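Visitor: Have a peek at query-v1.cif (mmCIF, C-alpha atoms).
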```cif
data_model
loop_
_atom_site.label_atom_id
_atom_site.label_comp_id
_atom_site.auth_asym_id
_atom_site.auth_seq_id
_atom_site.Cartn_x
_atom_site.Cartn_y
_atom_site.Cartn_z
CA MET A 1162 -13.24 15.97 104.81
CA ARG A 1163 -10.66 13.37 103.88
CA PRO A 1164 -13.25 10.70 102.84
CA ASN A 1165 -14.85 13.25 100.48
CA LEU A 1166 -11.53 14.13 98.90
CA PHE A 1167 -10.76 10.47 98.45
CA ALA A 1168 -14.10 9.89 96.69
CA VAL A 1169 -13.52 12.82 94.36
CA ALA A 1170 -10.10 11.43 93.41
CA LEU A 1171 -11.60 8.02 92.58
CA LEU A 1172 -14.25 9.57 90.38
CA SER A 1173 -11.65 11.65 88.52
CA ALA A 1174 -9.52 8.57 87.86
CA ALA A 1175 -12.51 6.63 86.52
CA ALA A 1176 -13.40 9.47 84.18
CA CYS A 1177 -9.87 9.51 82.73
CA ARG A 1178 -9.89 5.74 82.13
CA HIS A 1179 -13.30 5.64 80.44
CA PRO A 1180 -13.96 8.73 78.31
CA PRO A 1181 -17.52 9.28 77.18
CA ALA A 1182 -18.44 7.55 73.92
CA GLY A 1183 -19.60 10.79 72.38
CA ASN A 1184 -16.18 12.46 72.75
CA THR A 1185 -14.14 9.82 70.89
CA THR A 1186 -12.51 11.16 67.71
CA PRO A 1187 -12.67 8.70 64.81
CA ALA A 1188 -9.39 7.87 63.15
CA HIS A 1189 -8.97 9.33 59.66
CA PRO A 1190 -8.74 6.63 56.98
CA PRO A 1191 -5.56 6.75 54.90
CA GLN A 1192 -6.02 8.77 51.75
CA SER A 1193 -5.20 6.93 48.48
CA ARG A 1194 -2.84 8.71 46.13
CA ALA A 1195 -3.85 8.97 42.45
CA THR A 1196 -1.49 7.16 40.08
CA PRO A 1197 -0.06 9.61 37.57
CA PRO A 1198 -0.83 8.73 33.90
CA GLN A 1199 1.91 6.81 32.15
CA PRO A 1200 3.44 8.49 29.09
CA VAL A 1201 2.45 6.94 25.75
CA THR A 1202 5.45 5.66 23.82
CA ARG A 1203 5.35 5.29 20.02
CA ASP A 1204 6.63 2.10 18.49
CA THR A 1205 8.19 3.34 15.25
CA ALA A 1206 9.07 -0.15 14.03
CA LEU A 1207 5.49 -1.31 14.59
CA GLU A 1208 4.13 1.70 12.69
CA GLN A 1209 6.43 1.01 9.76
CA ARG A 1210 5.40 -2.64 9.72
CA ALA A 1211 1.73 -1.65 9.73
CA GLY A 1212 2.41 0.73 6.86
CA ARG A 1213 4.08 -2.00 4.82
CA LEU A 1214 1.15 -4.34 5.46
CA GLU A 1215 -1.26 -1.66 4.22
CA LEU A 1216 0.76 -1.28 1.03
CA LYS A 1217 0.80 -5.06 0.53
CA THR A 1218 -2.97 -5.07 0.94
CA LEU A 1219 -3.33 -2.40 -1.74
CA GLU A 1220 -1.03 -4.40 -3.99
CA GLN A 1221 -3.02 -7.61 -3.54
CA GLU A 1222 -6.30 -5.81 -4.14
CA ALA A 1223 -4.89 -4.39 -7.37
CA GLN A 1224 -3.80 -7.87 -8.45
CA ILE A 1225 -7.27 -9.26 -7.79
CA GLU A 1226 -8.85 -6.45 -9.80
CA GLU A 1227 -6.40 -7.03 -12.63
CA LEU A 1228 -7.22 -10.74 -12.72
CA GLN A 1229 -10.94 -10.02 -12.67
CA ASP A 1230 -10.58 -7.53 -15.51
CA ARG A 1231 -8.66 -10.07 -17.56
CA LEU A 1232 -11.31 -12.69 -16.89
CA ASP A 1233 -13.98 -10.30 -18.13
CA ASP A 1234 -11.88 -9.50 -21.18
CA ALA A 1235 -11.42 -13.20 -21.86
CA ARG A 1236 -15.14 -13.77 -21.80
CA ARG A 1237 -15.72 -10.93 -24.23
CA GLU A 1238 -12.99 -12.23 -26.51
CA VAL A 1239 -14.59 -15.68 -26.54
CA VAL A 1240 -17.80 -14.13 -27.83
CA ARG A 1241 -15.89 -12.16 -30.44
CA ALA A 1242 -13.94 -15.23 -31.44
CA MET A 1243 -17.13 -17.17 -32.04
CA ALA A 1244 -18.25 -14.48 -34.47
CA LYS A 1245 -14.91 -14.49 -36.27
CA LEU A 1246 -14.40 -18.21 -36.67
CA GLN A 1247 -15.37 -18.10 -40.32
CA SER A 1248 -13.54 -14.84 -41.07
CA LEU A 1249 -10.42 -15.06 -43.21
CA ALA A 1250 -9.36 -11.64 -42.00
CA THR A 1251 -8.80 -13.01 -38.47
CA ARG A 1252 -5.58 -14.73 -39.48
CA ALA A 1253 -4.10 -11.47 -40.76
CA GLU A 1254 -5.28 -9.59 -37.67
CA ALA A 1255 -3.72 -12.14 -35.35
CA ALA A 1256 -0.44 -12.14 -37.25
CA SER A 1257 -0.30 -8.34 -37.23
CA SER A 1258 -1.10 -8.13 -33.50
CA MET A 1259 1.58 -10.72 -32.69
CA ALA A 1260 4.15 -8.74 -34.66
CA GLU A 1261 3.20 -5.58 -32.78
CA ALA A 1262 3.48 -7.42 -29.47
CA GLU A 1263 6.96 -8.66 -30.38
CA ILE A 1264 8.08 -5.10 -31.21
CA ALA A 1265 6.63 -3.75 -27.96
CA LEU A 1266 8.31 -6.46 -25.89
CA GLU A 1267 11.63 -5.89 -27.63
CA ALA A 1268 11.39 -2.18 -26.81
CA LEU A 1269 10.66 -3.04 -23.18
CA ARG A 1270 13.60 -5.46 -23.13
CA THR A 1271 15.88 -2.71 -24.44
CA ALA A 1272 14.56 -0.23 -21.89
CA ASN A 1273 15.31 -2.67 -19.07
CA ALA A 1274 18.79 -3.34 -20.41
CA SER A 1275 19.55 0.38 -20.70
CA GLY A 1276 19.30 0.60 -16.93
CA GLY A 1277 22.75 -0.96 -16.69
CA GLY A 1278 21.53 -3.73 -14.44
CA SER A 1279 20.88 -1.28 -11.60
CA SER A 1280 17.34 -2.59 -11.18
CA ALA A 1281 15.53 -5.85 -11.80
CA ALA A 1282 13.64 -6.30 -15.05
CA SER A 1283 10.00 -5.29 -14.87
CA PRO A 1284 7.67 -8.25 -14.26
CA GLU A 1285 5.60 -7.22 -17.28
CA LEU A 1286 8.43 -8.33 -19.58
CA ALA A 1287 8.21 -11.95 -18.44
CA GLN A 1288 4.42 -11.79 -18.42
CA GLY A 1289 4.22 -10.36 -21.94
CA THR A 1290 6.73 -12.86 -23.29
CA GLN A 1291 4.69 -15.75 -21.90
CA LEU A 1292 1.49 -14.34 -23.41
CA LEU A 1293 3.15 -13.99 -26.80
CA GLN A 1294 4.32 -17.62 -26.63
CA LEU A 1295 0.76 -18.71 -25.89
CA ALA A 1296 -0.48 -16.59 -28.80
CA THR A 1297 1.97 -18.29 -31.15
CA ALA A 1298 0.79 -21.70 -29.99
CA GLU A 1299 -2.85 -20.78 -30.61
CA PHE A 1300 -1.98 -19.34 -34.01
CA ASP A 1301 -0.33 -22.64 -34.97
CA LYS A 1302 -3.56 -24.38 -33.94
CA GLN A 1303 -5.44 -22.01 -36.28
CA ASN A 1304 -7.23 -20.50 -33.29
CA TYR A 1305 -6.70 -17.01 -34.69
CA ALA A 1306 -9.20 -15.30 -32.42
CA GLY A 1307 -7.44 -16.72 -29.36
CA ALA A 1308 -4.06 -15.72 -30.75
CA LEU A 1309 -5.36 -12.21 -31.36
CA TYR A 1310 -6.59 -11.91 -27.79
CA LEU A 1311 -3.35 -13.19 -26.26
CA ALA A 1312 -1.23 -10.96 -28.47
CA THR A 1313 -3.29 -7.94 -27.40
CA GLU A 1314 -2.72 -8.87 -23.76
CA ALA A 1315 1.00 -9.13 -24.44
CA LYS A 1316 1.00 -5.61 -25.90
CA ASN A 1317 -0.88 -4.31 -22.86
CA ALA A 1318 1.68 -5.87 -20.55
CA ALA A 1319 4.50 -4.30 -22.52
CA ALA A 1320 2.82 -0.88 -22.31
CA ILE A 1321 2.50 -1.16 -18.53
CA GLY A 1322 6.13 -2.21 -18.29
CA GLN A 1323 7.21 0.80 -20.35
CA GLY A 1324 5.32 3.04 -17.95
CA ARG A 1325 7.12 1.48 -15.01
CA VAL A 1326 10.55 1.92 -16.60
CA THR A 1327 9.80 5.47 -17.73
CA SER A 1328 8.71 6.51 -14.24
CA ASP A 1329 12.00 5.35 -12.73
CA ARG A 1330 14.24 8.16 -13.94
CA THR A 1331 16.64 8.06 -11.02
CA THR A 1332 18.84 5.44 -9.39
CA PRO A 1333 16.72 3.17 -7.15
CA HIS A 1334 16.94 4.08 -3.50
CA THR A 1335 18.27 1.70 -0.87
CA GLY A 1336 15.54 -0.67 0.27
CA GLU A 1337 13.22 0.15 -2.63
CA VAL A 1338 10.70 -2.64 -3.24
CA PRO A 1339 8.75 -2.70 -6.53
CA PHE A 1340 5.08 -3.64 -6.58
CA ALA A 1341 4.03 -6.72 -8.54
CA LEU A 1342 2.03 -4.41 -10.80
CA PRO A 1343 1.32 -0.67 -10.83
CA LEU A 1344 -1.23 0.50 -8.24
CA HIS A 1345 -3.90 3.03 -9.21
CA LEU A 1346 -4.20 5.41 -6.26
CA GLN A 1347 -5.30 8.94 -5.47
CA THR A 1348 -4.44 11.61 -2.92
CA THR A 1349 -6.66 11.82 0.16
CA GLY A 1350 -5.89 15.50 0.69
CA ARG A 1351 -3.55 18.22 -0.47
CA ALA A 1352 -0.18 16.49 -0.68
CA ASN A 1353 3.44 17.27 -1.45
CA VAL A 1354 5.33 14.97 -3.81
CA ARG A 1355 9.05 14.93 -2.99
CA GLU A 1356 12.23 14.08 -4.85
CA GLY A 1357 13.02 11.13 -2.58
CA PRO A 1358 11.56 8.86 0.12
CA GLY A 1359 11.68 11.16 3.12
CA ALA A 1360 10.49 14.47 4.54
CA ASN A 1361 14.04 15.84 4.19
CA PHE A 1362 13.84 15.72 0.37
CA ARG A 1363 12.79 18.78 -1.58
CA VAL A 1364 9.16 19.12 -2.70
CA SER A 1365 8.86 18.50 -6.46
CA TYR A 1366 5.21 19.47 -6.84
CA THR A 1367 1.95 19.62 -4.90
CA LEU A 1368 -1.29 17.80 -5.70
CA ASP A 1369 -4.88 18.65 -4.84
CA PRO A 1370 -7.19 16.15 -3.08
CA GLY A 1371 -8.38 13.36 -5.35
CA ALA A 1372 -5.47 13.62 -7.80
CA ALA A 1373 -4.84 10.36 -9.66
CA LEU A 1374 -1.48 8.63 -9.14
CA THR A 1375 0.20 5.45 -10.28
CA ALA A 1376 2.46 3.76 -7.70
CA TYR A 1377 5.42 1.59 -8.70
CA ALA A 1378 7.50 0.91 -5.58
CA TYR A 1379 7.97 1.83 -1.92
CA VAL A 1380 10.60 2.39 0.76
CA ASP A 1381 9.21 2.00 4.29
CA GLN A 1382 6.19 4.37 4.33
CA TRP A 1383 7.16 6.33 1.20
CA VAL A 1384 5.74 5.37 -2.20
CA ARG A 1385 7.27 6.11 -5.61
CA VAL A 1386 4.55 7.48 -7.87
CA ALA A 1387 3.85 9.33 -11.10
CA ASP A 1388 0.94 11.68 -11.70
CA GLU A 1389 -1.24 11.92 -14.80
CA SER A 1390 1.39 14.14 -16.44
CA ASP A 1391 3.98 11.40 -15.82
CA ARG A 1392 5.83 13.51 -13.24
CA PRO A 1393 7.75 11.18 -10.91
CA GLY A 1394 8.22 11.59 -7.19
CA TRP A 1395 7.71 10.18 -3.71
CA ILE A 1396 4.69 10.62 -1.45
CA HIS A 1397 3.98 9.49 2.11
CA GLN A 1398 1.63 6.54 2.43
CA GLY A 1399 -0.67 8.45 4.77
CA LEU A 1400 -1.56 10.89 1.99
CA ILE A 1401 -2.82 8.36 -0.57
CA GLY A 1402 -5.58 5.81 -0.87
CA ARG A 1403 -7.17 3.44 -3.30
CA ARG A 1404 -8.72 5.01 -6.38
CA PRO A 1405 -12.46 4.23 -6.68
#
```
Could you render the structure from this file as structure tokens?
Guide:
Amino acid sequence: MRPNLFAVALLSAAACRHPPAGNTTPAHPPQSRATPPQPVTRDTALEQRAGRLELKTLEQEAQIEELQDRLDDARREVVRAMAKLQSLATRAEAASSMAEAEIALEALRTANASGGGSSAASPELAQGTQLLQLATAEFDKQNYAGALYLATEAKNAAAIGQGRVTSDRTTPHTGEVPFALPLHLQTTGRANVREGPGANFRVSYTLDPGAALTAYAYVDQWVRVADESDRPGWIHQGLIGRRP
């Protein structure tokens, strides 16, 4: 009996040391934990910088359009001048237009001075004065058609400057930057026009989509404008776009 018991014990020990391959339990691989999404932070300074760059782009586009329009006008005036070279009436027309330009520029100069030095003179005053000087030079050369054209341009510059001065009926806000020339814009949707550059200012009036506006200056992302009825106010940059 003892040899049989001894054999059974050996077999039991061997079975414990070498378990059957089919009974092995595979180890569970470590489960990877999903990384929670990081919160998106807004860079206010970057947004304001992007807004200023967009306004500068609008300003430069308006300047290019203005220069192109003047080039087209110059070409038309050359054709008109060729037809008027033999006209005695051209001298009187040029002299009259130059006188009107001088009166318009003097009115603009007075309007700028009446601001008490609180704001810089409108750039149209310097531009119109230079055009009038060029008109005088052409008049002295007996190029009356050229003088007439330049004097008309001087009057146009004075009219734009008057519009800029008229639209600024309040003390300029801190950080206000004037555009080099008025921008012709329109609303991209229903928009509130406020009394100052900020959402905390009271709403002056509301405009429908596509309403025409003229922009004169900006503070951060707020633009100083006037509507077609010459009502002044401030509107957020995101509510306006270039007028087609």
Visitor: How would you write, as number ranges by chain, the residues chosen by the PyMOL selection byres ((chain A and resi 1288) around 10) on this structure?
Guide: A: 1266, 1283-1287, 1289-1293, 1314-1315, 1318-1319, 1322
Visitor: Can you give me, as a count of residues only, the residues this file yields under the PyMOL selection byres ((chain A and resi 1335) around 12)?
Guide: 15
Visitor: Using all atoms listed in the file, which of the listed residues (A:Ala1320, A:Ala1387, A:Ala1274, A:Gln1398) sits closest to Ala1211 in chain A?
Guide: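 Smallest separation from Ala1211 in chain A among the options: A:Gln1398.
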Visitor: Quick check, in Å to one decimal: how far apart do CA of Glu1267 in chain A and CA of Gly1324 in chain A lie?
Guide: 14.6 Å
Visitor: Find the residues around range 1218-1234 of chain A up to 12 Å (all atoms listed in the file counted), leave out those fewer than 5 positions away in its own chain, and share them as a PyMOL selection string.
Guide: chain A and resi 1211-1213+1239-1242+1307+1310-1311+1313-1315+1317-1318+1338-1346+1375-1379+1384+1398+1401-1405
Visitor: Report as a PyMOL selection string all protein, DNA and RNA residues lying within 9 Å of Glu1389 in chain A, evaluated on all atoms listed in the file, omitting residues in the same chain fewer than 4 positions from it.
Guide: chain A and resi 1372-1375
Visitor: Those selected residues, please, written with C-alpha atoms and delivered as a CSV table (one decimal), in the frame of the given file.
Guide:
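This is the output file selection_1.csv:
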```csv
chain,number,residue,atom,x,y,z
A,1372,ALA,CA,-5.5,13.6,-7.8
A,1373,ALA,CA,-4.8,10.4,-9.7
A,1374,LEU,CA,-1.5,8.6,-9.1
A,1375,THR,CA,0.2,5.4,-10.3
```
Visitor: Residue by residue, what does the PyMOL selection byres ((chain A and resi 1360-1370) around 7) grab here? Present the result as a PyMOL selection string.
Guide: chain A and resi 1348-1357+1359+1371-1372+1394
Visitor: Would you mind reading off the distance between CA of Ala1308 in chain A and CA of Ile1264 in chain A, one decimal, in Å?
Guide: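 CA of Ala1308 in chain A sits 16.1 Å away from CA of Ile1264 in chain A.
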Visitor: Which distance in Å separates CA of Asn1304 in chain A and CA of Ala1262 in chain A, to one decimal?
Guide: 17.3 Å
Visitor: Box along x, y and z, 5 Å on every side, all listed atoms of range 1283-1293 of chain A inside: centre and edge lengths in Å to one decimal, as JSON.
Guide:
```
{"center_x": 5.7, "center_y": -10.5, "center_z": -20.5, "size_x": 18.5, "size_y": 20.5, "size_z": 22.5}
```
